[in-house]
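Peer 1: The structure file entry_28.txt (compact mmCIF, C-alpha atoms and all ligand atoms) is provided below.
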# COMPACT_ATOMS: atom_id res chain seq x y z
CA MET E 1 2.29 -13.02 -21.36
CA ILE E 2 0.83 -10.58 -18.83
CA ASP E 3 3.33 -7.92 -17.87
CA HIS E 4 2.46 -4.89 -15.77
CA ARG E 5 5.02 -2.79 -17.66
CA ARG E 6 3.25 -3.33 -20.98
CA LEU E 7 -0.23 -2.86 -19.45
CA GLY E 8 1.01 0.21 -17.59
CA ARG E 9 2.03 1.73 -20.91
CA GLU E 10 -1.16 0.73 -22.74
CA LEU E 11 -3.40 2.04 -19.98
CA ASP E 12 -1.31 5.20 -19.37
CA LEU E 13 -0.85 4.27 -15.72
CA PHE E 14 2.83 5.16 -15.30
CA VAL E 15 5.92 5.94 -17.31
CA SER E 16 9.57 5.12 -16.79
CA ASP E 17 11.65 7.86 -18.41
CA PRO E 18 15.41 7.29 -18.59
CA LEU E 19 15.90 11.01 -18.02
CA ALA E 20 14.17 10.71 -14.62
CA GLY E 21 16.30 7.67 -13.82
CA ALA E 22 15.94 3.90 -13.66
CA GLY E 23 13.68 2.68 -10.87
CA LEU E 24 12.04 6.09 -10.55
CA PRO E 25 8.70 5.71 -12.37
CA ILE E 26 6.24 8.57 -12.74
CA TRP E 27 2.56 7.92 -12.04
CA LEU E 28 0.39 9.35 -14.84
CA PRO E 29 -3.12 10.71 -14.11
CA ALA E 30 -4.87 7.35 -14.63
CA GLY E 31 -2.42 5.49 -12.39
CA ALA E 32 -2.51 8.27 -9.82
CA ALA E 33 -6.34 8.16 -9.73
CA ALA E 34 -6.30 4.41 -9.04
CA ARG E 35 -3.56 4.76 -6.44
CA HIS E 36 -5.35 7.63 -4.74
CA ALA E 37 -8.50 5.50 -4.35
CA VAL E 38 -6.44 2.66 -2.86
CA GLU E 39 -4.59 5.02 -0.51
CA GLU E 40 -7.88 6.48 0.72
CA TYR E 41 -9.23 3.01 1.37
CA VAL E 42 -6.15 1.92 3.30
CA ARG E 43 -6.13 5.12 5.35
CA GLU E 44 -9.78 4.61 6.25
CA LEU E 45 -9.19 0.96 7.20
CA GLU E 46 -6.31 2.04 9.44
CA ARG E 47 -8.23 4.93 10.98
CA ARG E 48 -11.14 2.64 11.85
CA SER E 49 -8.77 0.19 13.52
CA GLY E 50 -7.26 2.76 15.83
CA HIS E 51 -4.26 3.96 13.85
CA GLN E 52 -3.14 7.58 14.00
CA HIS E 53 -1.53 9.01 10.88
CA VAL E 54 1.57 11.18 10.78
CA TYR E 55 3.78 12.80 8.14
CA SER E 56 7.55 12.62 8.36
CA PRO E 57 10.28 13.66 5.90
CA PRO E 58 11.91 11.16 3.52
CA LEU E 59 15.42 12.13 4.64
CA GLY E 60 17.10 12.80 7.93
CA LYS E 61 20.40 13.41 9.65
CA ARG E 62 23.02 10.72 9.43
CA GLU E 63 22.99 10.38 13.23
CA LEU E 64 19.34 9.28 13.17
CA PHE E 65 20.19 6.28 11.00
CA GLU E 66 23.32 5.51 12.99
CA LEU E 67 21.17 5.34 16.10
CA SER E 68 18.56 3.17 14.37
CA GLY E 69 21.21 0.72 13.20
CA HIS E 70 20.41 1.19 9.52
CA LEU E 71 23.84 2.63 8.67
CA GLY E 72 25.48 -0.22 10.53
CA TYR E 73 23.46 -3.10 9.13
CA PHE E 74 21.74 -1.83 6.02
CA ALA E 75 24.12 0.71 4.43
CA ASP E 76 24.61 -1.40 1.28
CA ASP E 77 20.95 -0.87 0.40
CA MET E 78 21.03 2.89 1.05
CA PHE E 79 22.05 5.84 -1.08
CA PRO E 80 25.31 7.38 0.13
CA PRO E 81 24.98 10.27 2.60
CA MET E 82 24.76 13.84 1.31
CA ARG E 83 27.22 16.18 2.97
CA LEU E 84 26.13 19.79 3.40
CA SER E 85 29.06 20.69 5.68
CA ALA E 86 31.64 18.85 7.75
CA ASP E 87 29.19 18.10 10.58
CA ASP E 88 25.94 18.11 8.65
CA GLU E 89 25.19 14.98 6.63
CA PHE E 90 21.83 13.72 5.47
CA VAL E 91 20.65 10.38 4.16
CA LEU E 92 17.58 9.36 2.21
CA ARG E 93 15.79 7.08 4.61
CA PRO E 94 15.54 3.35 3.84
CA ALA E 95 12.66 2.90 6.31
CA LEU E 96 10.17 4.97 8.29
CA CYS E 97 10.78 3.37 11.69
CA PRO E 98 13.36 5.90 12.97
CA HIS E 99 10.97 8.80 12.47
CA HIS E 100 8.11 6.89 14.08
CA ALA E 101 10.30 6.13 17.09
CA LEU E 102 10.71 9.91 17.38
CA VAL E 103 6.93 10.29 17.24
CA PHE E 104 6.67 7.98 20.25
CA ARG E 105 9.42 9.93 21.98
CA ALA E 106 7.87 13.33 21.22
CA ARG E 107 6.39 13.40 24.71
CA GLY E 108 6.01 11.23 27.78
CA ARG E 109 3.84 8.15 27.23
CA SER E 110 1.50 6.30 29.56
CA TYR E 111 0.41 2.64 29.52
CA ARG E 112 -3.11 4.00 28.88
CA GLU E 113 -2.06 5.04 25.35
CA LEU E 114 -0.90 1.55 24.38
CA PRO E 115 -1.07 0.00 21.90
CA LEU E 116 -0.08 3.25 20.16
CA ARG E 117 -0.45 2.73 16.40
CA ILE E 118 1.40 5.25 14.23
CA ALA E 119 0.74 4.99 10.49
CA GLU E 120 2.05 6.76 7.42
CA LEU E 121 2.12 6.24 3.71
CA GLY E 122 5.64 7.57 3.37
CA GLY E 123 8.52 7.85 0.96
CA MET E 124 11.76 5.91 1.38
CA TYR E 125 14.69 4.99 -0.83
CA ARG E 126 16.74 1.94 -1.68
CA SER E 127 19.84 1.97 -3.87
CA GLU E 128 18.83 -1.06 -5.93
CA ARG E 129 21.31 -1.99 -8.67
CA SER E 130 20.05 -0.85 -12.06
CA GLY E 131 20.09 -4.43 -13.42
CA VAL E 132 17.23 -5.56 -11.16
CA LEU E 133 14.92 -2.59 -11.75
CA GLY E 134 11.76 -2.91 -13.79
CA GLY E 135 8.47 -1.05 -14.01
CA LEU E 136 6.88 -0.75 -10.59
CA SER E 137 7.99 -4.07 -9.11
CA ARG E 138 11.56 -3.02 -8.15
CA VAL E 139 12.07 0.71 -7.67
CA ARG E 140 14.47 3.07 -5.91
CA ALA E 141 11.84 5.50 -4.60
CA ILE E 142 9.26 3.59 -2.56
CA SER E 143 5.90 4.77 -1.18
CA LEU E 144 5.31 2.41 1.71
CA ASN E 145 2.06 1.69 3.49
CA ASP E 146 3.65 1.46 6.90
CA ALA E 147 2.76 1.53 10.57
CA HIS E 148 4.45 0.94 13.89
CA THR E 149 2.64 -0.28 16.95
CA PHE E 150 4.22 0.52 20.29
CA CYS E 151 2.81 -1.83 22.88
CA ALA E 152 3.43 -3.65 26.13
CA PRO E 153 5.10 -7.06 25.68
CA GLU E 154 1.90 -8.84 26.76
CA GLN E 155 -0.08 -7.02 24.05
CA VAL E 156 2.02 -8.30 21.13
CA GLY E 157 0.06 -11.50 20.47
CA ALA E 158 -3.36 -9.85 20.25
CA GLU E 159 -1.94 -7.02 18.13
CA VAL E 160 -0.39 -9.43 15.61
CA VAL E 161 -3.71 -11.30 15.33
CA GLU E 162 -5.52 -7.99 14.79
CA ILE E 163 -3.07 -6.96 12.07
CA LEU E 164 -3.48 -10.31 10.32
CA GLY E 165 -7.23 -9.57 10.21
CA LEU E 166 -6.60 -6.14 8.64
CA ILE E 167 -4.30 -7.70 6.05
CA ARG E 168 -6.99 -10.21 5.09
CA ALA E 169 -9.57 -7.42 4.76
CA ALA E 170 -7.28 -5.33 2.55
CA HIS E 171 -6.41 -8.30 0.35
CA ALA E 172 -10.09 -9.16 -0.13
CA ALA E 173 -11.02 -5.59 -1.10
CA LEU E 174 -8.13 -5.17 -3.53
CA GLY E 175 -8.29 -8.62 -5.08
CA VAL E 176 -4.90 -9.77 -3.75
CA ARG E 177 -4.56 -13.55 -3.71
CA PRO E 178 -1.70 -14.46 -1.38
CA ALA E 179 0.52 -17.35 -2.44
CA GLY E 180 1.44 -18.21 1.15
CA PHE E 181 2.46 -17.15 4.63
CA ARG E 182 6.08 -17.27 5.70
CA LEU E 183 7.65 -17.05 9.12
CA SER E 184 11.01 -15.43 8.42
CA LEU E 185 13.66 -16.38 10.94
CA ARG E 186 17.32 -15.69 11.63
CA GLY E 187 19.88 -17.49 9.54
CA PRO E 188 23.61 -18.03 9.99
CA GLY E 189 25.86 -14.95 10.05
CA GLU E 190 26.19 -11.87 12.19
CA LYS E 191 23.93 -9.37 10.47
CA TYR E 192 21.40 -9.48 13.32
CA VAL E 193 21.00 -7.29 16.38
CA GLY E 194 19.53 -8.23 19.75
CA ASP E 195 20.17 -11.19 22.04
CA ASP E 196 19.10 -14.80 21.62
CA ALA E 197 16.45 -14.64 24.33
CA GLN E 198 14.72 -11.70 22.60
CA TRP E 199 14.73 -13.49 19.29
CA ALA E 200 13.37 -16.68 20.81
CA ARG E 201 10.59 -14.73 22.53
CA ALA E 202 9.64 -12.86 19.35
CA GLU E 203 9.61 -16.08 17.32
CA ALA E 204 7.38 -17.76 19.88
CA LEU E 205 4.91 -14.86 19.77
CA LEU E 206 4.68 -14.98 15.97
CA ARG E 207 4.25 -18.78 15.94
CA GLU E 208 1.43 -18.38 18.43
CA ALA E 209 -0.28 -15.72 16.31
CA LEU E 210 -0.04 -18.02 13.29
CA ALA E 211 -1.88 -20.87 15.04
CA GLY E 212 -4.35 -22.29 12.54
CA VAL E 213 -2.67 -20.62 9.56
CA GLU E 214 -0.69 -22.66 7.07
CA TYR E 215 2.84 -21.25 6.76
CA VAL E 216 6.41 -22.15 5.95
CA GLU E 217 9.49 -21.23 7.93
CA ALA E 218 12.24 -19.34 6.14
CA PRO E 219 15.58 -19.22 7.97
CA GLY E 220 17.72 -16.27 6.90
CA GLU E 221 14.80 -14.09 5.76
CA ALA E 222 14.30 -12.17 9.03
CA ALA E 223 14.93 -8.42 9.26
CA PHE E 224 18.20 -7.52 10.96
CA TYR E 225 16.26 -6.51 14.08
CA GLY E 226 13.75 -9.33 14.44
CA PRO E 227 11.69 -12.18 13.00
CA LYS E 228 8.63 -11.49 10.86
CA ILE E 229 5.55 -12.89 9.25
CA ASP E 230 5.66 -12.26 5.49
CA ILE E 231 2.74 -12.77 3.17
CA GLN E 232 3.94 -13.69 -0.29
CA ILE E 233 2.55 -13.09 -3.74
CA VAL E 234 3.65 -14.50 -7.07
CA ASP E 235 3.67 -12.27 -10.16
CA ALA E 236 2.73 -13.26 -13.69
CA ALA E 237 6.33 -14.26 -14.43
CA GLY E 238 6.33 -16.58 -11.40
CA ARG E 239 8.54 -14.38 -9.22
CA GLU E 240 7.72 -14.43 -5.52
CA SER E 241 7.81 -11.32 -3.36
CA THR E 242 6.47 -10.03 -0.06
CA ILE E 243 3.32 -7.90 -0.07
CA SER E 244 2.44 -7.74 3.61
CA THR E 245 4.60 -8.07 6.67
CA ILE E 246 4.47 -8.03 10.48
CA GLN E 247 7.76 -7.73 12.35
CA VAL E 248 8.55 -7.86 16.04
CA ASP E 249 11.32 -5.52 17.17
CA PHE E 250 12.80 -5.42 20.68
CA ASP E 251 15.87 -3.59 19.45
CA LYS E 252 14.74 -0.15 18.28
CA PRO E 253 12.97 0.65 21.57
CA GLU E 254 16.38 0.04 23.23
CA ARG E 255 18.30 2.11 20.73
CA PHE E 256 15.88 5.02 20.98
CA ASP E 257 15.48 4.54 24.74
CA LEU E 258 11.70 4.44 24.41
CA SER E 259 9.68 4.04 27.58
CA TYR E 260 6.24 4.56 29.04
CA THR E 261 4.89 4.96 32.54
CA ASP E 262 3.18 1.77 33.70
CA SER E 263 0.15 1.55 36.00
CA ASP E 264 2.43 1.20 39.03
CA GLY E 265 4.32 4.37 38.10
CA GLY E 266 7.42 2.47 36.89
CA ARG E 267 9.16 2.96 33.54
CA ARG E 268 8.79 0.17 31.05
CA ARG E 269 10.18 -0.44 27.58
CA PRO E 270 7.57 -0.92 24.82
CA VAL E 271 7.86 -3.46 22.02
CA MET E 272 7.76 -2.07 18.48
CA LEU E 273 5.85 -3.88 15.76
CA HIS E 274 6.52 -2.93 12.16
CA ARG E 275 3.77 -3.81 9.80
CA SER E 276 2.60 -3.16 6.27
CA LEU E 277 -0.86 -4.24 5.14
CA VAL E 278 -0.27 -3.97 1.41
CA GLY E 279 3.41 -3.12 1.03
CA SER E 280 4.55 -0.32 -1.22
CA MET E 281 2.19 1.33 -3.66
CA GLU E 282 4.65 0.46 -6.42
CA ARG E 283 4.86 -3.27 -5.81
CA LEU E 284 1.15 -3.45 -4.96
CA PHE E 285 0.18 -1.91 -8.30
CA ALA E 286 2.68 -4.00 -10.24
CA TYR E 287 0.78 -6.96 -8.81
CA LEU E 288 -2.77 -5.55 -9.12
CA ILE E 289 -2.23 -4.55 -12.76
CA GLU E 290 -1.23 -8.12 -13.57
CA VAL E 291 -3.72 -10.02 -11.43
CA HIS E 292 -6.64 -7.97 -12.83
CA GLU E 293 -5.06 -7.64 -16.29
CA GLY E 294 -5.72 -3.91 -15.96
CA ALA E 295 -9.45 -4.41 -15.28
CA PHE E 296 -9.53 -3.06 -11.74
CA PRO E 297 -12.64 -3.30 -9.54
CA ALA E 298 -14.79 -0.22 -10.20
CA TRP E 299 -13.86 1.45 -6.91
CA TYR E 300 -10.26 2.01 -7.97
CA ALA E 301 -10.66 2.04 -11.76
CA PRO E 302 -9.05 5.26 -13.09
CA VAL E 303 -12.24 6.08 -15.04
CA GLN E 304 -15.37 4.38 -13.73
CA LEU E 305 -17.91 5.52 -16.31
CA VAL E 306 -17.48 6.61 -19.92
CA LEU E 307 -20.44 8.37 -21.48
CA LEU E 308 -20.92 7.89 -25.20
CA PRO E 309 -23.40 10.24 -26.91
CA VAL E 310 -24.55 8.50 -30.10
CA ASP E 311 -24.21 11.76 -32.06
CA ASP E 312 -23.82 15.52 -31.56
CA GLY E 313 -27.49 15.85 -30.57
CA GLN E 314 -26.75 14.21 -27.21
CA ALA E 315 -23.45 16.02 -26.46
CA ASP E 316 -25.00 18.55 -24.07
CA ALA E 317 -26.97 15.88 -22.23
CA ALA E 318 -23.78 13.81 -21.88
CA ALA E 319 -21.84 16.79 -20.50
CA ASP E 320 -24.65 17.50 -18.04
CA LEU E 321 -24.78 13.89 -16.87
CA ALA E 322 -20.97 13.84 -16.50
CA ARG E 323 -21.24 16.86 -14.17
CA ARG E 324 -23.82 15.04 -12.06
CA ALA E 325 -21.70 11.89 -11.95
CA THR E 326 -18.67 13.95 -10.88
CA GLU E 327 -20.74 15.62 -8.18
CA VAL E 328 -21.70 12.26 -6.67
CA GLY E 329 -18.02 11.34 -6.56
CA LEU E 330 -17.57 9.18 -9.66
CA ARG E 331 -14.63 9.40 -12.06
CA VAL E 332 -16.29 9.94 -15.40
CA ALA E 333 -15.25 10.81 -18.96
CA VAL E 334 -17.24 11.75 -22.07
CA ASP E 335 -15.98 10.37 -25.36
CA VAL E 336 -17.33 12.06 -28.48
CA ALA E 337 -14.60 11.40 -31.06
CA GLY E 338 -15.15 8.77 -33.75
CA SER E 339 -17.78 6.16 -34.50
CA LEU E 340 -19.78 4.67 -31.64
CA GLY E 341 -18.26 1.25 -32.35
CA ALA E 342 -14.72 2.63 -32.18
CA ARG E 343 -15.50 4.42 -28.92
CA VAL E 344 -16.97 1.26 -27.38
CA ARG E 345 -13.83 -0.65 -28.42
CA ASP E 346 -11.60 2.06 -26.98
CA ALA E 347 -13.40 1.99 -23.64
CA ALA E 348 -13.05 -1.81 -23.61
CA ARG E 349 -9.34 -1.50 -24.40
CA ARG E 350 -9.01 0.87 -21.43
CA ARG E 351 -10.94 -1.60 -19.21
CA VAL E 352 -13.53 1.02 -18.21
CA PRO E 353 -16.06 -0.82 -15.98
CA TYR E 354 -19.21 1.05 -17.05
CA LEU E 355 -20.20 2.49 -20.43
CA GLY E 356 -23.23 4.75 -20.68
CA VAL E 357 -24.71 5.08 -24.14
CA LEU E 358 -26.90 8.14 -24.77
CA GLY E 359 -29.09 8.11 -27.86
CA ALA E 360 -31.95 10.47 -28.73
CA ARG E 361 -34.42 8.10 -27.09
CA GLU E 362 -32.47 7.87 -23.81
CA VAL E 363 -32.03 11.65 -23.63
CA ALA E 364 -35.77 12.24 -24.26
CA ASP E 365 -36.63 9.75 -21.48
CA GLY E 366 -33.89 10.88 -19.05
CA HIS E 367 -32.49 7.35 -19.29
CA LEU E 368 -29.07 5.80 -19.63
CA ALA E 369 -28.25 2.47 -21.27
CA LEU E 370 -25.39 0.90 -19.27
CA ARG E 371 -22.98 -1.65 -20.67
CA LEU E 372 -20.66 -3.45 -18.33
CA ARG E 373 -17.02 -4.20 -19.00
CA GLY E 374 -17.08 -7.54 -20.74
CA GLY E 375 -20.05 -6.61 -22.90
CA HIS E 376 -23.14 -7.29 -20.82
CA ALA E 377 -25.82 -4.66 -21.67
CA LEU E 378 -28.47 -3.55 -19.19
CA ALA E 379 -31.91 -2.25 -20.19
CA PRO E 380 -32.05 1.57 -20.23
CA MET E 381 -32.82 2.93 -16.77
CA PRO E 382 -33.33 6.40 -15.29
CA ALA E 383 -29.95 8.15 -15.37
CA ASP E 384 -30.03 8.78 -11.61
CA ALA E 385 -30.66 5.09 -10.98
CA ALA E 386 -27.67 4.24 -13.19
CA LEU E 387 -25.43 6.62 -11.21
CA ALA E 388 -26.78 5.19 -7.95
CA LEU E 389 -26.03 1.64 -9.13
CA ILE E 390 -22.42 2.53 -9.95
CA GLY E 391 -22.05 4.64 -6.81
CA GLY E 392 -23.33 1.75 -4.70
CA GLN E 393 -20.79 -0.71 -6.09
CA VAL E 394 -18.01 1.83 -5.66
CA ALA E 395 -19.00 2.71 -2.08
CA ALA E 396 -19.17 -0.99 -1.21
CA ARG E 397 -15.76 -1.48 -2.86
CA ALA E 398 -17.34 -4.46 -4.55
CA ALA E 399 -15.40 -6.81 -6.79
CA ASP E 400 -18.41 -7.19 -9.10
CA LEU E 401 -20.01 -4.55 -11.32
CA LEU E 402 -23.57 -5.44 -10.34
CA PRO E 403 -25.04 -6.05 -6.87
CA GLN E 404 -25.04 -9.77 -6.12
CA GLY E 405 -28.12 -11.73 -5.10
ZN ZN P 1 9.54 -0.12 10.47
How does the structure come out when it is put into structure tokens?

Peer 2:
Amino acid sequence: MIDHRRLGRELDLFVSDPLAGAGLPIWLPAGAAARHAVEEYVRELERRSGHQHVYSPPLGKRELFELSGHLGYFADDMFPPMRLSADDEFVLRPALCPHHALVFRARGRSYRELPLRIAELGGMYRSERSGVLGGLSRVRAISLNDAHTFCAPEQVGAEVVEILGLIRAAHAALGVRPAGFRLSLRGPGEKYVGDDAQWARAEALLREALAGVEYVEAPGEAAFYGPKIDIQIVDAAGRESTISTIQVDFDKPERFDLSYTDSDGGRRRPVMLHRSLVGSMERLFAYLIEVHEGAFPAWYAPVQLVLLPVDDGQADAAADLARRATEVGLRVAVDVAGSLGARVRDAARRRVPYLGVLGAREVADGHLALRLRGGHALAPMPADAALALIGGQVAARAADLLPQG
């Protein structure tokens, strides 16, 4: 049975320490290296598609979350407020939207700036009950890949289509295999804000954007402020969860009194789209660890190349080559302890994509004999060519360890 918690332990990716608290995992160096590579990729994808990144704090004044509606509609999922004095209370935020609304409001806005895409990989908190917590899949401290697009109502359709394209690109690069698309709609009950006409309009826009995509409708799964497109994954235990989402929100622009100056000089209210390409880093990695069984594509493998000198005679050459590999941006380790066979097995256990064996012959020739994860051995090649091969696959964020074709 594949379980990201067991693999996370075996591969030293993260640790859950009861002293730190349930649902508050700590990313160890190997897990942090993989996550860092993924974060860099996502940031670059967003930057290239016109997003602007911001930083905002993971807590804020109680009044901010009263205004946003979170304390009214979402308080059960939040940690209780922290009181510093009678009129000064803070809450750990359950979402980034309120801060991003303040980014929009930081100065006057013109129609020329729209769609304004504000992105952040930011911290937020949910007071999940301890019984449902486990590994990285359900946590209390969440690092969300998040963005909010502020746009004119007539721009919503094109923006949703564009975001769907970004989601597909990110899934392809990471190796995410979606289980299905879901249009999450209002259900019975009164936990929703906004009027019927707004909801109907938002639902129509999302249906339109999904033309040609196979999806199911899920009444009762909408956010409290609007309908959404959710992209679902299924973990190794068969549990379904949401990895990517696009939500239409007419409500927060009202609450925060957001407006922009239109081409005719009039004030208009923007629409706010909430979207996440790959969800939280925690849930994403819970999934990636399982779907790849710990054998990540080289570009986000914690260690991409392990160098194995056959004996002490090649130790200096291995250290020198490791420096060169580091200089060209690779994550490399040298393993000198134990028999060659044991070191090869250890690298395989750690799912290292490339092994470089250095014997006396290779060192004399300036060569490196590469072995790929899975056992395939390449003929010795000039060491620089070996580094270029690995660097090329990493730069291309390729799923395979060798160039195809
Ligand atoms: Zn949001």

Peer 1: Looking at E:Val160, E:Val303, E:Leu121, E:Cys97, which one is nearest to ligand ZN 1 (chain P), with distances taken over all atoms listed in the file?

Peer 2: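 With all atoms listed in the file as the atom set, the closest residue is E:Cys97.
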
Peer 1: With all atoms listed in the file as the atoms that count, which of E:Gly175, E:Gly134, E:Gly238, E:Pro382 lies nearest to Gly21 of chain E?

Peer 2: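 For Gly21 of chain E, the nearest of the given residues is E:Gly134.
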
Peer 1: With a distance cut-off of 10 Å and all atoms listed in the file, select the neighbouring residues of Leu64 of chain E, excluding the residue or stretch itself and same-chain residues fewer than 6 positions from it, and output the selection as JSON, numbers by chain.

Peer 2: {"E": [70, 71, 90, 91, 93, 98, 99, 102, 256]}

Peer 1: Which residue gives the smallest distance to Pro219 of chain E among E:Ile243, E:Val193, E:Leu185, E:Leu174, with all atoms listed in the file counted?

Peer 2: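 Looking only at the distances to Pro219 of chain E, the closest residue turns out to be E:Leu185.
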
Peer 1: Enumerate as a list in words the residues within 9 Å of ligand ZN 1 (chain P), counting all atoms listed in the file.

Peer 2: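 Sorted by chain and then by number, the residues are Ala95, Leu96, Cys97, Pro98, His100, Asp146, Ala147, His148, Gln247, Asp249, Met272, Leu273, His274, Arg275 and Ser276 of chain E.
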
Peer 1: To one decimal in Å, tell me the separation between atom CA of Asp312 of chain E and atom CA of Val336 of chain E.

Peer 2: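 We find that atom CA of Asp312 of chain E and atom CA of Val336 of chain E lie 8.0 Å from each other.
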
Peer 1: Take the point (10.8, -1.3, -1.8) as written in the file and pick out every residue within 10 Å of it, counting only C-alpha atoms; give the list as an mmCIF file with C-alpha atoms, keeping the file's coordinate frame.

Peer 2:
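Dumped everything to point.cif:
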data_model
loop_
_atom_site.group_PDB
_atom_site.id
_atom_site.type_symbol
_atom_site.label_atom_id
_atom_site.label_comp_id
_atom_site.auth_asym_id
_atom_site.auth_seq_id
_atom_site.Cartn_x
_atom_site.Cartn_y
_atom_site.Cartn_z
ATOM 1 C CA PRO E 94 15.540 3.350 3.840
ATOM 2 C CA ALA E 95 12.660 2.900 6.310
ATOM 3 C CA GLY E 123 8.520 7.850 0.960
ATOM 4 C CA MET E 124 11.760 5.910 1.380
ATOM 5 C CA TYR E 125 14.690 4.990 -0.830
ATOM 6 C CA ARG E 126 16.740 1.940 -1.680
ATOM 7 C CA SER E 127 19.840 1.970 -3.870
ATOM 8 C CA GLU E 128 18.830 -1.060 -5.930
ATOM 9 C CA LEU E 136 6.880 -0.750 -10.590
ATOM 10 C CA SER E 137 7.990 -4.070 -9.110
ATOM 11 C CA ARG E 138 11.560 -3.020 -8.150
ATOM 12 C CA VAL E 139 12.070 0.710 -7.670
ATOM 13 C CA ARG E 140 14.470 3.070 -5.910
ATOM 14 C CA ALA E 141 11.840 5.500 -4.600
ATOM 15 C CA ILE E 142 9.260 3.590 -2.560
ATOM 16 C CA SER E 143 5.900 4.770 -1.180
ATOM 17 C CA LEU E 144 5.310 2.410 1.710
ATOM 18 C CA THR E 242 6.470 -10.030 -0.060
ATOM 19 C CA GLY E 279 3.410 -3.120 1.030
ATOM 20 C CA SER E 280 4.550 -0.320 -1.220
ATOM 21 C CA MET E 281 2.190 1.330 -3.660
ATOM 22 C CA GLU E 282 4.650 0.460 -6.420
ATOM 23 C CA ARG E 283 4.860 -3.270 -5.810
#

Peer 1: In Å, rounded to a single decimal, give me how far atom CA of Ser68 of chain E is from atom CA of Gly165 of chain E.

Peer 2: 29.1 Å

Peer 1: Kindly assemble as a tab-separated table a list of the segment 76-194 of chain E residues that lie within 7 Å of segment 202-215 of chain E, each paired with its nearest atom pair and their distance in Å to one decimal, using only C-alpha atoms, sorted first by chain and then by ascending residue number.

Peer 2:
residue	atom	partner	partner_atom	distance
E:Gly157	CA	E:Ala209	CA	5.9
E:Val160	CA	E:Ala209	CA	6.3
E:Val161	CA	E:Ala209	CA	5.7
E:Gly180	CA	E:Tyr215	CA	6.5
E:Phe181	CA	E:Tyr215	CA	4.6
E:Arg182	CA	E:Tyr215	CA	5.2
E:Leu183	CA	E:Tyr215	CA	6.8

Peer 1: For Ile390 of chain E, list every protein, DNA or RNA residue within 8 Å, evaluated using all atoms listed in the file, and leave out those in the same chain fewer than 3 positions away; present the list as a PyMOL selection string.

Peer 2: chain E and resi 354+386-387+393-394+401

Peer 1: If you take every atom of segment 260-265 of chain E that the file lists and fit an axis-aligned box around them with 5 Å extra on each side, what centre and edge lengths come out in Å to one decimal, as AutoDock Vina command-line options?

Peer 2:
--center_x 3.2 --center_y 3.1 --center_z 34.0 --size_x 16.1 --size_y 13.8 --size_z 20.0

Peer 1: Taking all atoms listed in the file into account, which of E:Ala152, E:Asp12, E:Glu240, E:Gly122 comes nearest Arg351 of chain E?

Peer 2: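 Residue with the minimum atom-to-atom distance to Arg351 of chain E: E:Asp12.
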
Peer 1: Can we get segment 91-102 of chain E of that structure written down with N, CA and C atoms, as a compact mmCIF listing (two decimals), in the first residue's frame?

Peer 2:
# COMPACT_ATOMS: atom_id res chain seq x y z
N VAL E 91 -6.71 37.41 14.10
CA VAL E 91 -7.02 36.02 13.75
C VAL E 91 -6.01 35.52 12.72
N LEU E 92 -5.71 34.23 12.83
CA LEU E 92 -4.92 33.57 11.79
C LEU E 92 -5.82 33.45 10.58
N ARG E 93 -5.35 33.88 9.44
CA ARG E 93 -6.26 33.95 8.30
C ARG E 93 -6.58 32.55 7.75
N PRO E 94 -7.83 32.36 7.30
CA PRO E 94 -8.21 31.09 6.69
C PRO E 94 -8.14 31.16 5.18
N ALA E 95 -7.74 32.31 4.64
CA ALA E 95 -7.69 32.51 3.19
C ALA E 95 -6.89 33.79 2.93
N LEU E 96 -6.41 33.93 1.71
CA LEU E 96 -5.59 35.10 1.38
C LEU E 96 -6.39 36.24 0.76
N CYS E 97 -7.63 35.92 0.35
CA CYS E 97 -8.43 36.91 -0.40
C CYS E 97 -8.53 38.27 0.28
N PRO E 98 -8.80 38.33 1.60
CA PRO E 98 -8.95 39.68 2.19
C PRO E 98 -7.72 40.55 1.98
N HIS E 99 -6.54 39.98 2.15
CA HIS E 99 -5.33 40.79 1.94
C HIS E 99 -5.20 41.21 0.47
N HIS E 100 -5.56 40.31 -0.45
CA HIS E 100 -5.42 40.66 -1.86
C HIS E 100 -6.44 41.72 -2.28
N ALA E 101 -7.60 41.72 -1.61
CA ALA E 101 -8.56 42.81 -1.86
C ALA E 101 -7.93 44.13 -1.44
N LEU E 102 -7.15 44.10 -0.35
CA LEU E 102 -6.48 45.34 0.10
C LEU E 102 -5.37 45.74 -0.87
